[in-house]
>>> print(open('model.pdb').read())   # PDB, C-alpha atoms
MODEL        1
ATOM      1  CA  MET A  32       0.000   0.000   0.000
ATOM      2  CA  GLY A  33       1.253   3.491  -0.855
ATOM      3  CA  GLU A  34       1.544   6.429   1.535
ATOM      4  CA  LEU A  35      -0.138   9.812   1.666
ATOM      5  CA  VAL A  36       2.102  12.276  -0.197
ATOM      6  CA  THR A  37       1.323  15.142   2.159
ATOM      7  CA  GLU A  38       3.776  17.742   0.828
ATOM      8  CA  LYS A  39       2.644  17.144  -2.764
ATOM      9  CA  HIS A  40      -0.987  17.710  -1.746
ATOM     10  CA  VAL A  41      -0.079  20.919   0.099
ATOM     11  CA  GLN A  42       1.733  22.261  -2.957
ATOM     12  CA  TYR A  43      -1.168  21.250  -5.213
ATOM     13  CA  ILE A  44      -3.726  23.117  -3.086
ATOM     14  CA  LEU A  45      -1.547  26.228  -2.873
ATOM     15  CA  SER A  46      -1.067  26.148  -6.671
ATOM     16  CA  VAL A  47      -4.837  25.941  -7.229
ATOM     17  CA  GLU A  48      -5.256  29.077  -5.131
ATOM     18  CA  LYS A  49      -2.700  30.967  -7.221
ATOM     19  CA  ARG A  50      -4.322  30.087 -10.576
ATOM     20  CA  LYS A  51      -6.770  32.836 -11.460
ATOM     21  CA  ASP A  52      -6.969  32.902 -15.264
ATOM     22  CA  ASP A  53      -6.892  29.336 -16.578
ATOM     23  CA  PHE A  54     -10.045  27.581 -17.805
ATOM     24  CA  ILE A  55     -10.594  25.509 -14.659
ATOM     25  CA  SER A  56     -10.357  28.577 -12.434
ATOM     26  CA  VAL A  57     -12.793  30.554 -14.593
ATOM     27  CA  ALA A  58     -15.220  27.621 -14.811
ATOM     28  CA  MET A  59     -15.170  27.245 -11.019
ATOM     29  CA  GLU A  60     -15.469  30.966 -10.256
ATOM     30  CA  TYR A  61     -19.076  30.725  -9.070
ATOM     31  CA  LEU A  62     -18.234  28.287  -6.235
ATOM     32  CA  ARG A  63     -14.899  29.673  -5.135
ATOM     33  CA  MET A  64     -16.171  29.912  -1.546
ATOM     34  CA  ASN A  65     -16.738  26.143  -1.493
ATOM     35  CA  GLY A  66     -13.298  25.649  -3.037
ATOM     36  CA  ALA A  67     -11.747  27.750  -0.285
ATOM     37  CA  TYR A  68     -13.416  25.557   2.338
ATOM     38  CA  TRP A  69     -12.280  22.323   0.644
ATOM     39  CA  GLY A  70      -8.706  23.494   0.159
ATOM     40  CA  LEU A  71      -8.173  25.230   3.481
ATOM     41  CA  THR A  72      -9.745  22.430   5.531
ATOM     42  CA  THR A  73      -7.472  19.971   3.734
ATOM     43  CA  LEU A  74      -4.459  22.106   4.665
ATOM     44  CA  ASP A  75      -5.618  22.187   8.292
ATOM     45  CA  LEU A  76      -6.084  18.396   8.424
ATOM     46  CA  LEU A  77      -2.554  18.066   7.019
ATOM     47  CA  GLY A  78      -1.257  20.479   9.677
ATOM     48  CA  LYS A  79      -0.301  23.122   7.095
ATOM     49  CA  LEU A  80      -2.895  25.881   7.499
ATOM     50  CA  ASP A  81      -0.112  28.337   8.362
ATOM     51  CA  ALA A  82       0.935  28.231   4.681
ATOM     52  CA  VAL A  83      -1.794  30.741   3.771
ATOM     53  CA  ASP A  84      -2.272  34.453   4.480
ATOM     54  CA  VAL A  85      -5.150  34.575   6.991
ATOM     55  CA  ASP A  86      -5.891  38.285   6.586
ATOM     56  CA  GLU A  87      -6.054  37.982   2.800
ATOM     57  CA  VAL A  88      -8.529  35.089   2.979
ATOM     58  CA  VAL A  89     -10.727  36.740   5.617
ATOM     59  CA  SER A  90     -10.786  40.005   3.658
ATOM     60  CA  TRP A  91     -11.907  38.173   0.498
ATOM     61  CA  ILE A  92     -14.614  36.240   2.382
ATOM     62  CA  MET A  93     -16.119  39.404   3.827
ATOM     63  CA  LYS A  94     -16.230  40.979   0.350
ATOM     64  CA  CYS A  95     -18.522  38.096  -0.672
ATOM     65  CA  GLN A  96     -21.148  38.983   1.934
ATOM     66  CA  HIS A  97     -24.397  40.701   0.990
ATOM     67  CA  GLU A  98     -26.510  43.150   2.965
ATOM     68  CA  SER A  99     -28.958  40.285   3.558
ATOM     69  CA  GLY A 100     -26.302  38.574   5.690
ATOM     70  CA  GLY A 101     -25.755  35.704   3.248
ATOM     71  CA  PHE A 102     -22.570  34.999   1.303
ATOM     72  CA  GLY A 103     -22.061  34.442  -2.404
ATOM     73  CA  GLY A 104     -19.712  31.957  -4.031
ATOM     74  CA  ASN A 105     -17.438  34.825  -5.026
ATOM     75  CA  ILE A 106     -17.334  38.608  -5.015
ATOM     76  CA  GLY A 107     -20.375  39.979  -6.847
ATOM     77  CA  HIS A 108     -22.252  36.676  -6.867
ATOM     78  CA  ASP A 109     -25.714  36.143  -5.372
ATOM     79  CA  PRO A 110     -25.986  34.899  -1.780
ATOM     80  CA  HIS A 111     -26.878  31.265  -1.118
ATOM     81  CA  ILE A 112     -27.028  29.126   2.005
ATOM     82  CA  LEU A 113     -24.366  26.779   0.532
ATOM     83  CA  TYR A 114     -21.727  29.485   0.333
ATOM     84  CA  THR A 115     -22.789  30.969   3.641
ATOM     85  CA  LEU A 116     -21.892  27.747   5.459
ATOM     86  CA  SER A 117     -18.543  27.519   3.657
ATOM     87  CA  ALA A 118     -17.749  31.118   4.657
ATOM     88  CA  VAL A 119     -18.603  30.411   8.300
ATOM     89  CA  GLN A 120     -16.591  27.173   8.271
ATOM     90  CA  VAL A 121     -13.482  28.876   6.873
ATOM     91  CA  LEU A 122     -13.741  31.697   9.419
ATOM     92  CA  ALA A 123     -14.077  29.026  12.121
ATOM     93  CA  LEU A 124     -10.880  27.355  10.879
ATOM     94  CA  PHE A 125      -9.010  30.622  11.413
ATOM     95  CA  ASP A 126     -10.782  31.411  14.709
ATOM     96  CA  LYS A 127     -12.162  34.560  13.064
ATOM     97  CA  LEU A 128     -15.912  34.205  13.651
ATOM     98  CA  ASN A 129     -15.691  37.490  15.544
ATOM     99  CA  VAL A 130     -15.511  39.425  12.239
ATOM    100  CA  LEU A 131     -19.123  38.426  11.521
ATOM    101  CA  ASP A 132     -22.280  40.329  12.350
ATOM    102  CA  ILE A 133     -23.749  37.138  13.850
ATOM    103  CA  GLU A 134     -27.294  38.518  14.032
ATOM    104  CA  ASN A 135     -27.247  39.443  10.356
ATOM    105  CA  VAL A 136     -25.944  36.049   9.198
ATOM    106  CA  THR A 137     -28.240  34.006  11.421
ATOM    107  CA  ASN A 138     -31.295  36.086  10.480
ATOM    108  CA  TYR A 139     -30.536  35.372   6.802
ATOM    109  CA  ILE A 140     -30.406  31.620   7.449
ATOM    110  CA  ALA A 141     -33.474  31.566   9.697
ATOM    111  CA  GLY A 142     -35.404  33.528   7.072
ATOM    112  CA  LEU A 143     -34.958  30.640   4.623
ATOM    113  CA  GLN A 144     -37.005  28.194   6.737
ATOM    114  CA  ASN A 145     -40.359  27.304   5.223
ATOM    115  CA  GLU A 146     -43.649  26.628   6.992
ATOM    116  CA  ASP A 147     -43.213  22.837   6.725
ATOM    117  CA  GLY A 148     -39.803  23.026   8.438
ATOM    118  CA  SER A 149     -37.762  22.637   5.249
ATOM    119  CA  PHE A 150     -35.225  25.208   4.043
ATOM    120  CA  SER A 151     -34.811  27.004   0.738
ATOM    121  CA  GLY A 152     -31.282  27.532  -0.578
ATOM    122  CA  ASP A 153     -31.871  31.162  -1.455
ATOM    123  CA  GLU A 154     -34.622  33.650  -2.294
ATOM    124  CA  TRP A 155     -35.636  31.632  -5.379
ATOM    125  CA  GLY A 156     -37.005  28.814  -3.267
ATOM    126  CA  GLU A 157     -35.317  25.506  -4.193
ATOM    127  CA  VAL A 158     -35.882  23.043  -1.311
ATOM    128  CA  ASP A 159     -33.449  20.240  -0.476
ATOM    129  CA  THR A 160     -32.404  18.372   2.681
ATOM    130  CA  ARG A 161     -28.885  19.639   1.977
ATOM    131  CA  PHE A 162     -30.157  23.071   2.949
ATOM    132  CA  SER A 163     -31.691  21.715   6.148
ATOM    133  CA  TYR A 164     -28.290  20.357   7.179
ATOM    134  CA  ILE A 165     -26.507  23.552   6.187
ATOM    135  CA  ALA A 166     -28.895  25.741   8.184
ATOM    136  CA  ILE A 167     -28.667  23.547  11.288
ATOM    137  CA  CYS A 168     -24.888  23.157  11.049
ATOM    138  CA  CYS A 169     -24.282  26.865  10.484
ATOM    139  CA  LEU A 170     -26.630  28.068  13.222
ATOM    140  CA  SER A 171     -25.156  25.541  15.642
ATOM    141  CA  ILE A 172     -21.610  26.779  14.956
ATOM    142  CA  LEU A 173     -22.832  30.329  15.574
ATOM    143  CA  HIS A 174     -24.774  29.287  18.728
ATOM    144  CA  HIS A 175     -28.118  30.413  17.311
ATOM    145  CA  LEU A 176     -30.106  27.229  16.689
ATOM    146  CA  ASN A 177     -32.893  28.826  18.696
ATOM    147  CA  LYS A 178     -33.629  31.137  15.753
ATOM    148  CA  ILE A 179     -35.367  28.355  13.829
ATOM    149  CA  ASN A 180     -38.120  25.886  14.589
ATOM    150  CA  VAL A 181     -35.869  22.885  15.243
ATOM    151  CA  GLU A 182     -38.796  20.532  15.862
ATOM    152  CA  LYS A 183     -40.293  21.305  12.449
ATOM    153  CA  ALA A 184     -36.865  21.081  10.794
ATOM    154  CA  VAL A 185     -36.333  17.608  12.256
ATOM    155  CA  SER A 186     -39.857  16.540  11.303
ATOM    156  CA  TYR A 187     -39.257  17.548   7.684
ATOM    157  CA  ILE A 188     -35.977  15.603   7.536
ATOM    158  CA  VAL A 189     -37.693  12.523   8.981
ATOM    159  CA  SER A 190     -40.396  12.845   6.303
ATOM    160  CA  CYS A 191     -37.638  12.308   3.703
ATOM    161  CA  LYS A 192     -36.728   8.894   5.150
ATOM    162  CA  ASN A 193     -37.269   5.944   2.815
ATOM    163  CA  LEU A 194     -38.190   2.280   3.289
ATOM    164  CA  ASP A 195     -34.536   1.279   2.745
ATOM    165  CA  GLY A 196     -33.506   3.384   5.755
ATOM    166  CA  GLY A 197     -31.915   6.107   3.637
ATOM    167  CA  PHE A 198     -32.943   9.684   2.888
ATOM    168  CA  GLY A 199     -33.665  11.680  -0.255
ATOM    169  CA  CYS A 200     -33.535  15.372  -1.125
ATOM    170  CA  THR A 201     -37.306  15.751  -0.634
ATOM    171  CA  PRO A 202     -40.071  13.391   0.574
ATOM    172  CA  GLY A 203     -40.164  10.387  -1.771
ATOM    173  CA  GLY A 204     -36.763  11.221  -3.301
ATOM    174  CA  GLU A 205     -34.312   8.384  -3.989
ATOM    175  CA  SER A 206     -31.894   7.492  -1.191
ATOM    176  CA  HIS A 207     -28.447   8.894  -1.907
ATOM    177  CA  ALA A 208     -25.314   8.834   0.245
ATOM    178  CA  GLY A 209     -24.820  12.606   0.009
ATOM    179  CA  GLN A 210     -28.370  13.301   1.176
ATOM    180  CA  ILE A 211     -28.010  10.657   3.884
ATOM    181  CA  PHE A 212     -24.973  12.467   5.295
ATOM    182  CA  CYS A 213     -26.931  15.724   5.340
ATOM    183  CA  CYS A 214     -29.910  14.178   7.110
ATOM    184  CA  VAL A 215     -27.878  12.104   9.570
ATOM    185  CA  GLY A 216     -25.608  15.085  10.302
ATOM    186  CA  ALA A 217     -28.565  17.379  10.947
ATOM    187  CA  LEU A 218     -30.209  14.782  13.201
ATOM    188  CA  ALA A 219     -26.915  14.260  15.057
ATOM    189  CA  ILE A 220     -26.448  17.984  15.701
ATOM    190  CA  THR A 221     -30.030  18.330  16.974
ATOM    191  CA  GLY A 222     -29.804  15.206  19.168
ATOM    192  CA  SER A 223     -32.401  13.398  17.048
ATOM    193  CA  LEU A 224     -30.600  10.234  15.890
ATOM    194  CA  HIS A 225     -33.318   8.124  17.534
ATOM    195  CA  HIS A 226     -35.405   8.720  14.387
ATOM    196  CA  ILE A 227     -32.994   6.537  12.389
ATOM    197  CA  ASP A 228     -33.194   2.756  12.036
ATOM    198  CA  LYS A 229     -29.431   2.366  12.482
ATOM    199  CA  ASP A 230     -29.220  -1.273  11.428
ATOM    200  CA  LEU A 231     -31.306  -0.736   8.289
ATOM    201  CA  LEU A 232     -29.434   2.410   7.261
ATOM    202  CA  GLY A 233     -26.106   0.871   8.264
ATOM    203  CA  TRP A 234     -26.796  -2.067   5.953
ATOM    204  CA  TRP A 235     -27.639   0.256   3.032
ATOM    205  CA  LEU A 236     -24.465   2.270   3.644
ATOM    206  CA  CYS A 237     -22.098  -0.683   4.028
ATOM    207  CA  GLU A 238     -23.476  -2.105   0.773
ATOM    208  CA  ARG A 239     -21.915   0.923  -0.931
ATOM    209  CA  GLN A 240     -18.448  -0.643  -0.650
ATOM    210  CA  VAL A 241     -17.398  -2.296  -3.930
ATOM    211  CA  LYS A 242     -14.816  -5.044  -4.450
ATOM    212  CA  ALA A 243     -12.060  -2.508  -5.190
ATOM    213  CA  GLY A 244     -12.574  -1.067  -1.688
ATOM    214  CA  GLY A 245     -14.077   2.264  -2.656
ATOM    215  CA  LEU A 246     -17.601   3.446  -1.874
ATOM    216  CA  ASN A 247     -20.360   4.519  -4.241
ATOM    217  CA  GLY A 248     -23.304   6.828  -3.615
ATOM    218  CA  ARG A 249     -26.129   4.596  -4.861
ATOM    219  CA  PRO A 250     -26.552   0.961  -5.929
ATOM    220  CA  GLU A 251     -24.924  -0.022  -9.258
ATOM    221  CA  LYS A 252     -22.744   3.111  -9.419
ATOM    222  CA  LEU A 253     -18.968   3.347  -9.688
ATOM    223  CA  PRO A 254     -16.936   4.037  -6.551
ATOM    224  CA  ASP A 255     -15.867   7.630  -5.967
ATOM    225  CA  VAL A 256     -13.433   9.041  -3.411
ATOM    226  CA  CYS A 257     -15.927  11.689  -2.245
ATOM    227  CA  TYR A 258     -18.140   8.963  -0.787
ATOM    228  CA  SER A 259     -15.256   8.115   1.525
ATOM    229  CA  TRP A 260     -16.685  11.105   3.372
ATOM    230  CA  TRP A 261     -20.443  10.969   2.760
ATOM    231  CA  VAL A 262     -20.812   7.256   3.568
ATOM    232  CA  LEU A 263     -18.086   6.924   6.191
ATOM    233  CA  SER A 264     -19.137   9.925   8.284
ATOM    234  CA  SER A 265     -22.723   8.642   8.297
ATOM    235  CA  LEU A 266     -21.608   5.176   9.412
ATOM    236  CA  ILE A 267     -19.579   6.723  12.216
ATOM    237  CA  MET A 268     -22.504   8.849  13.413
ATOM    238  CA  ILE A 269     -24.748   5.762  13.647
ATOM    239  CA  ASP A 270     -21.999   3.530  15.111
ATOM    240  CA  ARG A 271     -21.844   1.084  12.199
ATOM    241  CA  VAL A 272     -18.441   1.918  10.678
ATOM    242  CA  HIS A 273     -17.121  -1.530  11.657
ATOM    243  CA  TRP A 274     -19.417  -3.001   8.980
ATOM    244  CA  ILE A 275     -17.031  -2.040   6.142
ATOM    245  CA  SER A 276     -13.389  -2.880   5.398
ATOM    246  CA  LYS A 277     -11.398   0.176   6.479
ATOM    247  CA  GLU A 278      -8.160  -1.262   5.078
ATOM    248  CA  LYS A 279      -9.600  -1.646   1.570
ATOM    249  CA  LEU A 280     -11.011   1.880   1.653
ATOM    250  CA  VAL A 281      -7.668   3.367   2.738
ATOM    251  CA  LYS A 282      -5.967   1.614  -0.169
ATOM    252  CA  PHE A 283      -8.585   2.867  -2.641
ATOM    253  CA  ILE A 284      -8.133   6.492  -1.518
ATOM    254  CA  LEU A 285      -4.328   6.282  -1.642
ATOM    255  CA  ASP A 286      -4.509   4.728  -5.118
ATOM    256  CA  CYS A 287      -6.396   7.831  -6.308
ATOM    257  CA  GLN A 288      -3.467  10.151  -5.504
ATOM    258  CA  ASP A 289      -1.342  11.885  -8.117
ATOM    259  CA  THR A 290       1.946  11.031  -6.423
ATOM    260  CA  GLU A 291       3.949  13.270  -8.763
ATOM    261  CA  ASN A 292       1.986  16.530  -8.770
ATOM    262  CA  GLY A 293      -0.310  16.129  -5.763
ATOM    263  CA  GLY A 294      -4.082  16.045  -5.497
ATOM    264  CA  ILE A 295      -6.609  13.208  -5.334
ATOM    265  CA  SER A 296      -9.072  12.139  -8.041
ATOM    266  CA  ASP A 297     -12.460  10.426  -7.965
ATOM    267  CA  ARG A 298     -10.973   7.115  -9.148
ATOM    268  CA  PRO A 299      -7.423   5.867  -9.863
ATOM    269  CA  ASP A 300      -5.717   7.554 -12.851
ATOM    270  CA  ASP A 301      -8.396  10.240 -13.317
ATOM    271  CA  ALA A 302      -7.677  13.988 -13.188
ATOM    272  CA  VAL A 303      -7.355  15.409  -9.681
ATOM    273  CA  ASP A 304      -9.349  18.329  -8.247
ATOM    274  CA  VAL A 305      -9.573  20.143  -4.920
ATOM    275  CA  TYR A 306     -13.034  18.673  -4.140
ATOM    276  CA  HIS A 307     -11.851  15.058  -4.226
ATOM    277  CA  THR A 308      -8.565  15.996  -2.569
ATOM    278  CA  TYR A 309     -10.491  17.328   0.414
ATOM    279  CA  PHE A 310     -12.894  14.417   0.694
ATOM    280  CA  GLY A 311     -10.084  11.904   0.235
ATOM    281  CA  VAL A 312      -8.029  13.452   3.036
ATOM    282  CA  ALA A 313     -11.153  13.889   5.192
ATOM    283  CA  GLY A 314     -12.004  10.216   4.642
ATOM    284  CA  LEU A 315      -8.484   9.195   5.675
ATOM    285  CA  SER A 316      -8.864  11.364   8.779
ATOM    286  CA  LEU A 317     -12.081   9.527   9.694
ATOM    287  CA  LEU A 318     -10.142   6.283   9.155
ATOM    288  CA  GLU A 319      -7.532   7.552  11.661
ATOM    289  CA  TYR A 320      -4.738   7.602   9.094
ATOM    290  CA  PRO A 321      -1.402   8.503  10.767
ATOM    291  CA  GLY A 322      -0.313  12.144  10.694
ATOM    292  CA  LEU A 323      -3.744  13.673  10.057
ATOM    293  CA  LYS A 324      -5.772  15.807  12.440
ATOM    294  CA  ALA A 325      -9.110  14.316  13.499
ATOM    295  CA  ILE A 326     -12.248  15.631  11.775
ATOM    296  CA  ASP A 327     -15.745  15.840  13.256
ATOM    297  CA  PRO A 328     -18.155  13.651  11.222
ATOM    298  CA  ALA A 329     -21.173  15.919  11.738
ATOM    299  CA  TYR A 330     -19.682  19.411  11.352
ATOM    300  CA  ALA A 331     -17.029  18.508   8.730
ATOM    301  CA  LEU A 332     -14.445  20.596  10.566
ATOM    302  CA  PRO A 333     -11.340  19.519  12.495
ATOM    303  CA  VAL A 334     -12.168  18.313  16.010
ATOM    304  CA  ASP A 335      -9.917  20.943  17.603
ATOM    305  CA  VAL A 336     -11.913  23.687  15.820
ATOM    306  CA  ILE A 337     -15.194  22.246  17.103
ATOM    307  CA  ASN A 338     -13.785  21.953  20.628
ATOM    308  CA  ARG A 339     -12.748  25.623  20.462
ATOM    309  CA  ILE A 340     -16.217  26.694  19.289
ATOM    310  CA  PHE A 341     -18.250  24.726  21.828
ATOM    311  CA  PHE A 342     -15.891  24.246  24.764
ATOM    312  CA  GLY A 343     -13.496  27.173  24.476
ATOM    313  CA  ARG A 344     -10.435  24.970  24.318
TER     314      ARG A 344
ENDMDL
END
>>> encode(input="model.pdb", output="structure tokens")
Amino acid sequence: MGELVTEKHVQYILSVEKRKDDFISVAMEYLRMNGAYWGLTTLDLLGKLDAVDVDEVVSWIMKCQHESGGFGGNIGHDPHILYTLSAVQVLALFDKLNVLDIENVTNYIAGLQNEDGSFSGDEWGEVDTRFSYIAICCLSILHHLNKINVEKAVSYIVSCKNLDGGFGCTPGGESHAGQIFCCVGALAITGSLHHIDKDLLGWWLCERQVKAGGLNGRPEKLPDVCYSWWVLSSLIMIDRVHWISKEKLVKFILDCQDTENGGISDRPDDAVDVYHTYFGVAGLSLLEYPGLKAIDPAYALPVDVINRIFFGR
């Protein structure tokens, strides 16, 4: 089995940040806030967050905020709950939540809750359980969960549970590992995991491991490194992670590395990107790979950051 080429991954992430004019950078402009979260959290898990200029990052993040309190994916882009969570998470990494007008941000998020307990992603009204997780996660980090109707939010998430134990994006939607993480994470944060049939869901999740060791997001799909996070974190939160082969999964993730130029891809020998690099490293952290900081499976932030937020240490 190969090893994690930490320094190569650090250099890859820093090089992605410096590229501003190539096609990939232009094509990804609209979700740069997410990219910042993926890249910077990876650096933190690798113990290399000090390689970036904190003030420069914080200044850019605050330029992405709108009067509404929400954040856009980049300067001049419309606000959305997705980018708002990424902005809050990055500020949490740097211990800079104090630069926020907390009331403004939390009012924006709370204002996106609908009468049935669900959440819209922005003013245009798309509803998805991803947004429920994001709202709950973000408000919890900012200590303002009381601004929403948590009972209704939980009830809506439970209404998206399927007969196979999984969850979809809306009631009746197909079970998908990404949506399952969002629903399980939201239920974990709100202390509502009792709504889950852990054995049934655990079985569905462990069935996502293919012979090569990787995990897929739905039945009959190819394995993908990103599900090393979505599936694994969910299994950990419901105490069923021992139902998969950790050793095979570690090997699959390491096989997806570009050992020459850094970065991790979705599958071996594919092109690398910062998204899969983050979820590969985060998956290895959940698997307790040597040399990596521990990551919290519900908040998707390093454990030491979560301890600082909630316990002041």
>>> closest_residue(input="model.pdb", among="A:Ile92, A:Val83, A:Cys168, A:Leu76", to="Leu45 in chain A", atoms="all atoms listed in the file")
A:Val83
>>> residues_around(input="model.pdb", residues="Trp261 in chain A", least_positions_apart="3", cutoff="8 Å", atoms="only C-alpha atoms", output="VMD selection string")
chain A and resid 208 to 209 211 to 212 257 to 258 264 to 265
>>> closest_residue(input="model.pdb", among="A:Asp84, A:Glu319, A:Asp304, A:Asp255", to="His40 in chain A", atoms="only C-alpha atoms")
A:Asp304
>>> closest_residue(input="model.pdb", among="A:Gly245, A:Gly142, A:Gly203, A:Gly233", to="Gly314 in chain A", atoms="only C-alpha atoms")
A:Gly245
>>> closest_residue(input="model.pdb", among="A:Tyr309, A:Tyr330, A:Tyr164, A:Tyr43", to="Leu113 in chain A", atoms="only C-alpha atoms")
A:Tyr164
>>> closest_residue(input="model.pdb", among="A:Leu246, A:Cys287, A:Ala313, A:Cys237", to="Ile269 in chain A", atoms="all atoms listed in the file")
A:Cys237
>>> closest_residue(input="model.pdb", among="A:Val305, A:Ile227, A:Leu218, A:Leu236", to="His273 in chain A", atoms="only C-alpha atoms")
A:Leu236
>>> resolve_selection(input="model.pdb", expression="the PyMOL selection byres ((chain A and resi 167) around 10)", output="list in words")
Leu116, Ile140, Ala141, Phe150, Phe162, Ser163, Tyr164, Ile165, Ala166, Cys168, Cys169, Leu170, Ser171, Ile172, Leu173, His175, Leu176, Ile179, Val181, Ala184, Val185, Cys213, Gly216, Ala217, Leu218, Ile220, Thr221 and Tyr330 of chain A
>>> write_last_selection(input="model.pdb", atoms="C-alpha atoms", output="compact mmCIF listing (two decimals), keeping the file's coordinate frame")
# COMPACT_ATOMS: atom_id res chain seq x y z
CA LEU A 116 -21.89 27.75 5.46
CA ILE A 140 -30.41 31.62 7.45
CA ALA A 141 -33.47 31.57 9.70
CA PHE A 150 -35.22 25.21 4.04
CA PHE A 162 -30.16 23.07 2.95
CA SER A 163 -31.69 21.72 6.15
CA TYR A 164 -28.29 20.36 7.18
CA ILE A 165 -26.51 23.55 6.19
CA ALA A 166 -28.90 25.74 8.18
CA CYS A 168 -24.89 23.16 11.05
CA CYS A 169 -24.28 26.86 10.48
CA LEU A 170 -26.63 28.07 13.22
CA SER A 171 -25.16 25.54 15.64
CA ILE A 172 -21.61 26.78 14.96
CA LEU A 173 -22.83 30.33 15.57
CA HIS A 175 -28.12 30.41 17.31
CA LEU A 176 -30.11 27.23 16.69
CA ILE A 179 -35.37 28.36 13.83
CA VAL A 181 -35.87 22.88 15.24
CA ALA A 184 -36.86 21.08 10.79
CA VAL A 185 -36.33 17.61 12.26
CA CYS A 213 -26.93 15.72 5.34
CA GLY A 216 -25.61 15.08 10.30
CA ALA A 217 -28.56 17.38 10.95
CA LEU A 218 -30.21 14.78 13.20
CA ILE A 220 -26.45 17.98 15.70
CA THR A 221 -30.03 18.33 16.97
CA TYR A 330 -19.68 19.41 11.35
>>> atom_distance(input="model.pdb", atom1="CA of Val158 in chain A", atom2="CA of Lys183 in chain A")
14.6 Å
>>> resolve_selection(input="model.pdb", expression="the PyMOL selection byres ((chain A and resi 118) around 8)", output="number ranges by chain")
A: 64-65, 68, 92, 102, 114-117, 119-122
>>> write_last_selection(input="model.pdb", atoms="C-alpha atoms", output="PDB file, in the frame of the given file")
ATOM      1  CA  MET A  64     -16.171  29.912  -1.546  1.00  0.00           C
ATOM      2  CA  ASN A  65     -16.738  26.143  -1.493  1.00  0.00           C
ATOM      3  CA  TYR A  68     -13.416  25.557   2.338  1.00  0.00           C
ATOM      4  CA  ILE A  92     -14.614  36.240   2.382  1.00  0.00           C
ATOM      5  CA  PHE A 102     -22.570  34.999   1.303  1.00  0.00           C
ATOM      6  CA  TYR A 114     -21.727  29.485   0.333  1.00  0.00           C
ATOM      7  CA  THR A 115     -22.789  30.969   3.641  1.00  0.00           C
ATOM      8  CA  LEU A 116     -21.892  27.747   5.459  1.00  0.00           C
ATOM      9  CA  SER A 117     -18.543  27.519   3.657  1.00  0.00           C
ATOM     10  CA  VAL A 119     -18.603  30.411   8.300  1.00  0.00           C
ATOM     11  CA  GLN A 120     -16.591  27.173   8.271  1.00  0.00           C
ATOM     12  CA  VAL A 121     -13.482  28.876   6.873  1.00  0.00           C
ATOM     13  CA  LEU A 122     -13.741  31.697   9.419  1.00  0.00           C
TER      14      LEU A 122
END
>>> residues_around(input="model.pdb", residues="Thr160 in chain A", least_positions_apart="5", cutoff="8 Å", atoms="all atoms listed in the file", output="list in words")
Ser149, Phe150, Ile188, Gly199, Cys200, Thr201, Gln210, Cys213 and Cys214 of chain A
>>> resolve_selection(input="model.pdb", expression="the PyMOL selection byres ((chain A and resi 281) around 10)", output="list in words")
Met32, Gly33, Glu34, Leu35, Gly244, Gly245, Ser259, Ser276, Lys277, Glu278, Lys279, Leu280, Lys282, Phe283, Ile284, Leu285, Asp286, Gly311, Gly314, Leu315, Leu318, Glu319 and Tyr320 of chain A
>>> atom_distance(input="model.pdb", atom1="CA of His108 in chain A", atom2="CA of Leu128 in chain A")
21.6 Å
>>> axis_aligned_box(input="model.pdb", around="range 103-110 of chain A", padding_each_side="8 Å", output="JSON")
{"center_x": -21.7, "center_y": 36.0, "center_z": -4.3, "size_x": 24.7, "size_y": 24.0, "size_z": 21.1}
>>> atom_distance(input="model.pdb", atom1="CA of Glu205 in chain A", atom2="CA of Lys242 in chain A")
23.7 Å
>>> residues_around(input="model.pdb", residues="Leu253 in chain A", least_positions_apart="2", cutoff="10 Å", atoms="all atoms listed in the file", output="MDAnalysis selection string")
chainID A and resid 239:241 245:251 255 297:298
>>> write_last_selection(input="model.pdb", atoms="C-alpha atoms", output="PDB file, keeping the file's coordinate frame")
ATOM      1  CA  ARG A 239     -21.915   0.923  -0.931  1.00  0.00           C
ATOM      2  CA  GLN A 240     -18.448  -0.643  -0.650  1.00  0.00           C
ATOM      3  CA  VAL A 241     -17.398  -2.296  -3.930  1.00  0.00           C
ATOM      4  CA  GLY A 245     -14.077   2.264  -2.656  1.00  0.00           C
ATOM      5  CA  LEU A 246     -17.601   3.446  -1.874  1.00  0.00           C
ATOM      6  CA  ASN A 247     -20.360   4.519  -4.241  1.00  0.00           C
ATOM      7  CA  GLY A 248     -23.304   6.828  -3.615  1.00  0.00           C
ATOM      8  CA  ARG A 249     -26.129   4.596  -4.861  1.00  0.00           C
ATOM      9  CA  PRO A 250     -26.552   0.961  -5.929  1.00  0.00           C
ATOM     10  CA  GLU A 251     -24.924  -0.022  -9.258  1.00  0.00           C
ATOM     11  CA  ASP A 255     -15.867   7.630  -5.967  1.00  0.00           C
ATOM     12  CA  ASP A 297     -12.460  10.426  -7.965  1.00  0.00           C
ATOM     13  CA  ARG A 298     -10.973   7.115  -9.148  1.00  0.00           C
TER      14      ARG A 298
END
>>> residues_around(input="model.pdb", residues="Ser90 in chain A", least_positions_apart="2", cutoff="12 Å", atoms="only C-alpha atoms", output="list in words")
Asp84, Val85, Asp86, Glu87, Val88, Ile92, Met93, Lys94, Cys95, Gln96, Ile106, Ala118, Val121, Leu122, Lys127, Val130 and Leu131 of chain A
>>> write_last_selection(input="model.pdb", atoms="C-alpha atoms", output="compact mmCIF listing (two decimals), in the frame of the given file")
# COMPACT_ATOMS: atom_id res chain seq x y z
CA ASP A 84 -2.27 34.45 4.48
CA VAL A 85 -5.15 34.58 6.99
CA ASP A 86 -5.89 38.28 6.59
CA GLU A 87 -6.05 37.98 2.80
CA VAL A 88 -8.53 35.09 2.98
CA ILE A 92 -14.61 36.24 2.38
CA MET A 93 -16.12 39.40 3.83
CA LYS A 94 -16.23 40.98 0.35
CA CYS A 95 -18.52 38.10 -0.67
CA GLN A 96 -21.15 38.98 1.93
CA ILE A 106 -17.33 38.61 -5.01
CA ALA A 118 -17.75 31.12 4.66
CA VAL A 121 -13.48 28.88 6.87
CA LEU A 122 -13.74 31.70 9.42
CA LYS A 127 -12.16 34.56 13.06
CA VAL A 130 -15.51 39.42 12.24
CA LEU A 131 -19.12 38.43 11.52
